Amino acid sequence: MERIKRLFTIKTKFEAFLVIYALALGASERGVVYMHQYPGVGGQLLALACSGAVFMAGGKMLDALELQRSYGS
């Protein structure tokens, strides 16, 4: 079970950036769908929320990686 757990653990900044990139691709696609479903300001705000969520999640991942590195584990 420990070997499987290690597959889903982000250990380096490179891995974190790959995950952030994948999140950004999905969020941008979802933003496009929102802009088609809800034309006007509503769709644009939902698309903006999608990209904002990626920025927040990416920042948290990078901060957690630095915190994990500072504790030495």
# chains A, B, ... in the order shown; residues from 1 in each chain; ligands from 1
$ residues_around --residues "Tyr34 of chain A" --least-positions-apart "6" --cutoff "8 Å" --atoms "only C-alpha atoms" --output "list in words"
Gly43, Gln44, Leu46 and Ala47 of chain A
$ write_last_selection --atoms "all heavy atoms" --output "mmCIF file, in the first residue's frame"
data_model
loop_
_atom_site.group_PDB
_atom_site.id
_atom_site.type_symbol
_atom_site.label_atom_id
_atom_site.label_comp_id
_atom_site.auth_asym_id
_atom_site.auth_seq_id
_atom_site.Cartn_x
_atom_site.Cartn_y
_atom_site.Cartn_z
ATOM 1 N N GLY A 43 -21.018 34.254 -17.679
ATOM 2 C CA GLY A 43 -20.077 33.241 -18.154
ATOM 3 C C GLY A 43 -18.634 33.664 -17.989
ATOM 4 O O GLY A 43 -17.769 32.852 -17.664
ATOM 5 N N GLN A 44 -18.380 34.959 -18.213
ATOM 6 C CA GLN A 44 -17.016 35.463 -18.038
ATOM 7 C C GLN A 44 -16.582 35.390 -16.580
ATOM 8 O O GLN A 44 -15.425 35.066 -16.283
ATOM 9 C CB GLN A 44 -16.913 36.885 -18.560
ATOM 10 C CG GLN A 44 -17.041 36.967 -20.058
ATOM 11 C CD GLN A 44 -17.110 38.391 -20.564
ATOM 12 O OE1 GLN A 44 -17.258 39.331 -19.789
ATOM 13 N NE2 GLN A 44 -17.008 38.556 -21.872
ATOM 14 N N LEU A 46 -17.677 33.217 -14.347
ATOM 15 C CA LEU A 46 -17.438 31.806 -14.032
ATOM 16 C C LEU A 46 -16.109 31.327 -14.610
ATOM 17 O O LEU A 46 -15.377 30.560 -13.958
ATOM 18 C CB LEU A 46 -18.589 30.948 -14.553
ATOM 19 C CG LEU A 46 -19.899 31.063 -13.780
ATOM 20 C CD1 LEU A 46 -21.017 30.361 -14.532
ATOM 21 C CD2 LEU A 46 -19.749 30.499 -12.391
ATOM 22 N N ALA A 47 -15.776 31.780 -15.814
ATOM 23 C CA ALA A 47 -14.486 31.424 -16.409
ATOM 24 C C ALA A 47 -13.338 32.014 -15.598
ATOM 25 O O ALA A 47 -12.304 31.364 -15.397
ATOM 26 C CB ALA A 47 -14.421 31.901 -17.859
#
$ residues_around --residues "segment 49-65 of chain A" --least-positions-apart "3" --cutoff "10 Å" --atoms "only C-alpha atoms" --output "list in words"
Ile10, Lys11, Thr12, Lys13, Ala16, Phe17, Val19, Ile20, Tyr21, Ala22, Leu23, Ala24, Leu25, Gly26, Ala27, Ser28, Glu29, Arg30, Gly31, Val32, Tyr34, Gly43, Gln44, Leu45, Leu46, Gln68, Arg69 and Ser70 of chain A
$ atom_distance --atom1 "atom CA of Arg6 of chain A" --atom2 "atom CA of Leu18 of chain A"
16.4 Å
$ select_by_dssp --residues "chain A" --states "alpha helix (DSSP H)" --output "ChimeraX atom specification"
/A:2-7,13-37,41-71
$ atom_distance --atom1 "atom CA of Glu66 of chain A" --atom2 "atom CA of Thr9 of chain A"
14.0 Å
$ decode --residues "segment 4-50 of chain A" --atoms "C-alpha atoms" --output "JSON list (two decimals), in the first residue's frame"
[["chain", "number", "residue", "atom", "x", "y", "z"],
["A", 4, "ILE", "CA", 0.88, 2.91, -4.27],
["A", 5, "LYS", "CA", 0.72, 5.92, -1.95],
["A", 6, "ARG", "CA", 4.11, 7.13, -3.20],
["A", 7, "LEU", "CA", 2.79, 7.22, -6.77],
["A", 8, "PHE", "CA", 0.32, 9.96, -5.79],
["A", 9, "THR", "CA", 2.73, 12.06, -3.73],
["A", 10, "ILE", "CA", 4.15, 15.23, -5.25],
["A", 11, "LYS", "CA", 7.84, 15.32, -4.33],
["A", 12, "THR", "CA", 9.44, 17.92, -6.59],
["A", 13, "LYS", "CA", 8.56, 21.32, -8.02],
["A", 14, "PHE", "CA", 8.60, 19.83, -11.50],
["A", 15, "GLU", "CA", 5.85, 17.38, -10.53],
["A", 16, "ALA", "CA", 3.89, 20.21, -8.93],
["A", 17, "PHE", "CA", 4.15, 22.28, -12.11],
["A", 18, "LEU", "CA", 2.92, 19.31, -14.16],
["A", 19, "VAL", "CA", -0.12, 18.98, -11.92],
["A", 20, "ILE", "CA", -0.74, 22.74, -12.07],
["A", 21, "TYR", "CA", -0.51, 22.60, -15.87],
["A", 22, "ALA", "CA", -3.05, 19.78, -15.99],
["A", 23, "LEU", "CA", -5.37, 21.72, -13.68],
["A", 24, "ALA", "CA", -5.02, 24.81, -15.87],
["A", 25, "LEU", "CA", -5.91, 22.86, -19.03],
["A", 26, "GLY", "CA", -9.04, 21.48, -17.41],
["A", 27, "ALA", "CA", -10.03, 24.83, -15.94],
["A", 28, "SER", "CA", -9.58, 26.68, -19.21],
["A", 29, "GLU", "CA", -11.71, 24.10, -21.00],
["A", 30, "ARG", "CA", -14.37, 24.41, -18.32],
["A", 31, "GLY", "CA", -14.19, 28.20, -18.62],
["A", 32, "VAL", "CA", -14.86, 27.98, -22.36],
["A", 33, "VAL", "CA", -17.87, 25.76, -21.68],
["A", 34, "TYR", "CA", -19.18, 28.25, -19.13],
["A", 35, "MET", "CA", -18.79, 31.12, -21.59],
["A", 36, "HIS", "CA", -20.81, 29.19, -24.18],
["A", 37, "GLN", "CA", -23.50, 28.11, -21.73],
["A", 38, "TYR", "CA", -23.85, 31.51, -20.06],
["A", 39, "PRO", "CA", -23.15, 34.26, -22.59],
["A", 40, "GLY", "CA", -22.28, 37.66, -21.21],
["A", 41, "VAL", "CA", -20.86, 38.72, -17.90],
["A", 42, "GLY", "CA", -22.05, 35.63, -16.00],
["A", 43, "GLY", "CA", -20.08, 33.24, -18.15],
["A", 44, "GLN", "CA", -17.02, 35.46, -18.04],
["A", 45, "LEU", "CA", -17.15, 35.59, -14.24],
["A", 46, "LEU", "CA", -17.44, 31.81, -14.03],
["A", 47, "ALA", "CA", -14.49, 31.42, -16.41],
["A", 48, "LEU", "CA", -12.50, 33.85, -14.28],
["A", 49, "ALA", "CA", -13.37, 31.82, -11.18],
["A", 50, "CYS", "CA", -12.03, 28.68, -12.90]]
